[in-house]
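Worksheet: one structure, shown below.
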Amino acid sequence: MSINQLGVIGLGTMGANIARNAARNGTKVAVYNRTTEVTKDFMKQFEGEGNFASCESYEDMVKALHGERAFLIMVKAGPAVDAVIADLTPHLQKGDIIIDAGNSHYPDTERRVEELKEKGIRFLGMGVSGGEVGALEGPSMMPGGDKSAWEDCKDLLSKMAADDGLGGKCVAYIGEGGSGHFVKMVHNGVEYGIMQLLAETYDVLKNVAGYSNEQLAETFAAWNEGEDLQSFLVEITAKVFEKKDDINDGHLIDKIHDVAGQKGTGKWTTISALHYGVAIPTINAAVDARIMSGSEELRAEHRKDPVRTDLEEPLPKPEQMRSIARSALHLSVLTAYEQGFELMKVASKEHNWDLNLSECARIWLGGCIIRSVLLKVYSDAFSEDVSRQKTAAMYKEQQWSGEKQVHLRLFLELSTSRGIATPSTSAAMNYFDTLHRKDLPQSLVQAQRDFFGAHTFKRKDKNGVFHVEWE
Ligand code: NDP
C-alpha cells in the first residue's frame, strides 16, 4: 500500500510548508493546528494550491482521510508531541501511521515507537532538514522506526524530498527505533560546528586581515564556486555580508547582537558523544562558543582582562590571507563531518541500528542545511565499493598532506597571536594532531592515576597489568 493522503498537525513554519509540499505533489492533505485561527489563515493563503481539507479537531481529520493515510506531526519537540499523540491515537485505527517530523530527542522517539507498537500504530520518527524553504521545495528527510510504515510512505516522501544531484532523492530509511532522529541530531551538531568555523573565519578575515563586508561577501561567494567549500552555509554567509541595513546606514551584520541562540540539538549531540565515548571537539567547541556568547555577565566582568598581542605573527598579503583562511576552513569542516560520522558509527553499533553511513551522507547532499560537495566524499568513504572508498581516502590524504595543513597552522598562529578566539578551528587542528601521534602524553595520566589511586597501567614492552609503589 502507498500513502496518498496526509494529515498535517501543526501549521507553524515547518508544518505549513510540508503540508504545501505534499499537496503540490498531488496528495490530499488534511491540516490541523491547535490554534484554529492559524488553520484558517493557512486555508485563506494556500487553499488554491492543492487538495486541502481544513480540520478543527482530530476527529475531523480522521474523517477527512479515508484512503491510505498517514498523520504527520510538526510541533514543538518534547511534551507537545506526547500531548498530540495522546489526543490523536484514540481516533486512529490499527495499522495507521504517525510520523513525528519535528526535532524530537531520539530517546523520546525510541519510547514512542514502542508505546505505539503496543497500540497497533506504526510510528516513524523522522528528522527533517532544510528550514522553511527546504520544507516547501524539497527537504532532506531521515525517517526511522517502523519499517513497514516507511515502505508505505516511501513514494510520497520521495516525491517531496530534494534531489541529491546524483539521480536520487534525499530520503532513505535510516533504521529502527530513534535512529532517524539520532541522525538528524548529529546533522544539527555538524551544522553547529560548520557555522562556528565560518564565524571564526569571518572574525579573522575582518579583525586580523581588515576585510570589509564587501570583501567578505566576495570572498565567501568565490569560495562557494570552488570545489572544496561549495555548500549552502558558505553560500548564505556570502549573502549575509551583502545585506544592507534598512533601518540605519551600513550593513545589517554590523548591527546584529552577538549572542547566538540554540534550541538544544547541539547540546544533545555533545551529551550523546560523551555518552557513547566519541570525541567531537570541533562540534563541542561550537556549542561552548554559543554558550559563551550568551554569558553576558561573565563577558562584562572580563572585558578589561589584559590581552598581550606583542607576539604578533607578521600579517600575510591579503590574497595569501584569503588562501590561508580557505584552507583552514576546508580542513576544519572535514573534521566536523568526520566527527559526526564517527558518532553515528559508534551509536549504530550500540543500538544495532545498522546505519548505512554512505546513505546518510548521500541524503544530506541536497535539501539540508549542511549540504555540501564534501558529503560526496563521505558517501564514497562509507560505500561498500572498494574503489569509491579508495577515492575518498585519497582525497582526504591529499587535503591534509599538502600546503593546506601549513595554512591551518598559520591561521591559528595569526588568530592566537592577536587575541582572536578560534575554538572550533583550534579543536579541529588538535583533533588531527591527537589522532596522528604514535605516543600521546596520556601515559603520564595513567602514571598519575596509578600513583594516587592504584588504577594500574599497561606497559609498552610487556603484556599484563601493572601497579607500582611510586614513592
Ligand atoms: P513553530 O514555532 O513555527 O510552530 C510550532 C507549532 O507547534 C505550532 O503549530 C504550534 O501550535 C504547535 N504546538 C506547540 N505546542 C503544542 C501543543 N502542546 N499541542 C499542539 N500543538 C502545539 O515551529 P517550527 O515549525 O519551526 O518547528 C516545528 C518542529 O520542527 C520543531 O520540532 C522544530 O525543532 C522542527 N524543525 C524546525 C526547523 C526550522 O527551520 N524552523 C527545521 C527542522 C525542524 P500553535 O499555533 O497552537 O501554538
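Naming scheme: A, B, ... for chains in displayed order of the C-alpha cells; residues 1 onward per chain; ligands 1 onward as shown.
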
Do you know which residues are within 6 Å of ligand 1 using only C-alpha atoms and all ligand atoms? Can you write them as a list in words?
Gly10, Leu11, Gly12, Thr13, Met14, Gly15, Asn33, Arg34, Thr35, Met74, Val75, Lys76, Ala77, Ala80, Val84, Gly102, Asn103, Val128, Ser129, Gly131 and Glu132 of chain A

Can you work out the spacing between atom CA of A:Leu197 and atom CA of A:Thr282 in Å, to one decimal?
8.5 Å

Residues of stretch 52-96 of chain A classed as alpha helix (DSSP H) by DSSP on the backbone are to be reported as JSON, numbers by chain.
{"A": [58, 59, 60, 61, 62, 63, 64, 79, 80, 81, 82, 83, 84, 85, 86, 87, 88]}

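For the residues A:Arg322, A:Lys239, A:Arg308, A:Arg362, ranking by smallest atom-to-atom distance to A:Leu375 using only C-alpha atoms places A:Arg362 first.
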
Write out as an NGL selection string the residues lying within 8 Å of stretch 242-249 of chain A, counting only C-alpha atoms and excluding same-chain residues fewer than 6 positions away.
:A and (213-214 or 217 or 255)

Selection from above, all heavy atoms, as a PDB file, in the first residue's frame, can you write it?
ATOM      1  N   ASN A 213      33.034  44.366   4.621  1.00  0.00           N
ATOM      2  CA  ASN A 213      31.903  43.475   4.339  1.00  0.00           C
ATOM      3  C   ASN A 213      31.837  43.121   2.851  1.00  0.00           C
ATOM      4  O   ASN A 213      31.488  41.991   2.494  1.00  0.00           O
ATOM      5  CB  ASN A 213      30.594  44.118   4.786  1.00  0.00           C
ATOM      6  CG  ASN A 213      30.469  44.103   6.304  1.00  0.00           C
ATOM      7  OD1 ASN A 213      30.822  43.118   6.949  1.00  0.00           O
ATOM      8  ND2 ASN A 213      29.997  45.195   6.881  1.00  0.00           N
ATOM      9  N   GLU A 214      32.185  44.084   1.998  1.00  0.00           N
ATOM     10  CA  GLU A 214      32.161  43.809   0.553  1.00  0.00           C
ATOM     11  C   GLU A 214      33.194  42.725   0.210  1.00  0.00           C
ATOM     12  O   GLU A 214      32.917  41.799  -0.557  1.00  0.00           O
ATOM     13  CB  GLU A 214      32.486  45.071  -0.269  1.00  0.00           C
ATOM     14  CG  GLU A 214      31.361  46.083  -0.349  1.00  0.00           C
ATOM     15  CD  GLU A 214      31.279  46.984   0.884  1.00  0.00           C
ATOM     16  OE1 GLU A 214      32.151  46.870   1.777  1.00  0.00           O
ATOM     17  OE2 GLU A 214      30.323  47.778   0.963  1.00  0.00           O
ATOM     18  N   ALA A 217      31.942  39.389   1.464  1.00  0.00           N
ATOM     19  CA  ALA A 217      30.892  38.836   0.592  1.00  0.00           C
ATOM     20  C   ALA A 217      31.522  38.227  -0.654  1.00  0.00           C
ATOM     21  O   ALA A 217      31.186  37.109  -1.066  1.00  0.00           O
ATOM     22  CB  ALA A 217      29.899  39.932   0.212  1.00  0.00           C
ATOM     23  N   LYS A 255      25.011  45.314  12.853  1.00  0.00           N
ATOM     24  CA  LYS A 255      24.012  45.774  13.836  1.00  0.00           C
ATOM     25  C   LYS A 255      23.477  44.596  14.655  1.00  0.00           C
ATOM     26  O   LYS A 255      22.669  44.769  15.544  1.00  0.00           O
ATOM     27  CB  LYS A 255      22.819  46.433  13.120  1.00  0.00           C
ATOM     28  CG  LYS A 255      23.204  47.443  12.053  1.00  0.00           C
ATOM     29  CD  LYS A 255      23.696  48.718  12.681  1.00  0.00           C
ATOM     30  CE  LYS A 255      24.395  49.652  11.693  1.00  0.00           C
ATOM     31  NZ  LYS A 255      23.780  49.865  10.425  1.00  0.00           N
TER      32      LYS A 255
END

Who sits within 12 Å of A:Lys206, only C-alpha atoms, same chain under 2 positions skipped, as an NGL selection string
:A and (199-204 or 208-217 or 219 or 241 or 254 or 318 or 321-322 or 325 or 415 or 420)

For atom CA of A:Asn21 and atom CA of A:Gly138, determine how far apart the two atoms are, in Å to one decimal place.
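Atom-to-atom, atom CA of A:Asn21 and atom CA of A:Gly138 are spaced 7.5 Å apart.
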
Sorted by chain and rising residue number, which residues of stretch 255-309 of chain A lie within 12 Å of stretch 427-448 of chain A, and what are their closest atom pairs and distances in Å to one decimal, counting only C-alpha atoms, as a tab-separated table?
residue	atom	partner	partner_atom	distance
A:Val278	CA	A:Tyr431	CA	11.9
A:Ala279	CA	A:Tyr431	CA	8.5
A:Ile280	CA	A:Tyr431	CA	8.4
A:Pro281	CA	A:Ala427	CA	5.5
A:Thr282	CA	A:Ala427	CA	5.1
A:Ile283	CA	A:Ala427	CA	8.6
A:Asn284	CA	A:Ala427	CA	8.7
A:Ala285	CA	A:Ala427	CA	6.9
A:Ala286	CA	A:Ala427	CA	9.5
A:Asp288	CA	A:Ala427	CA	11.7
A:Ala289	CA	A:Ala427	CA	11.9

If you count only C-alpha atoms, the residue of A:Ala347, A:Pro90, A:Glu218, A:Leu365 closest to A:Gly130 turns out to be A:Leu365
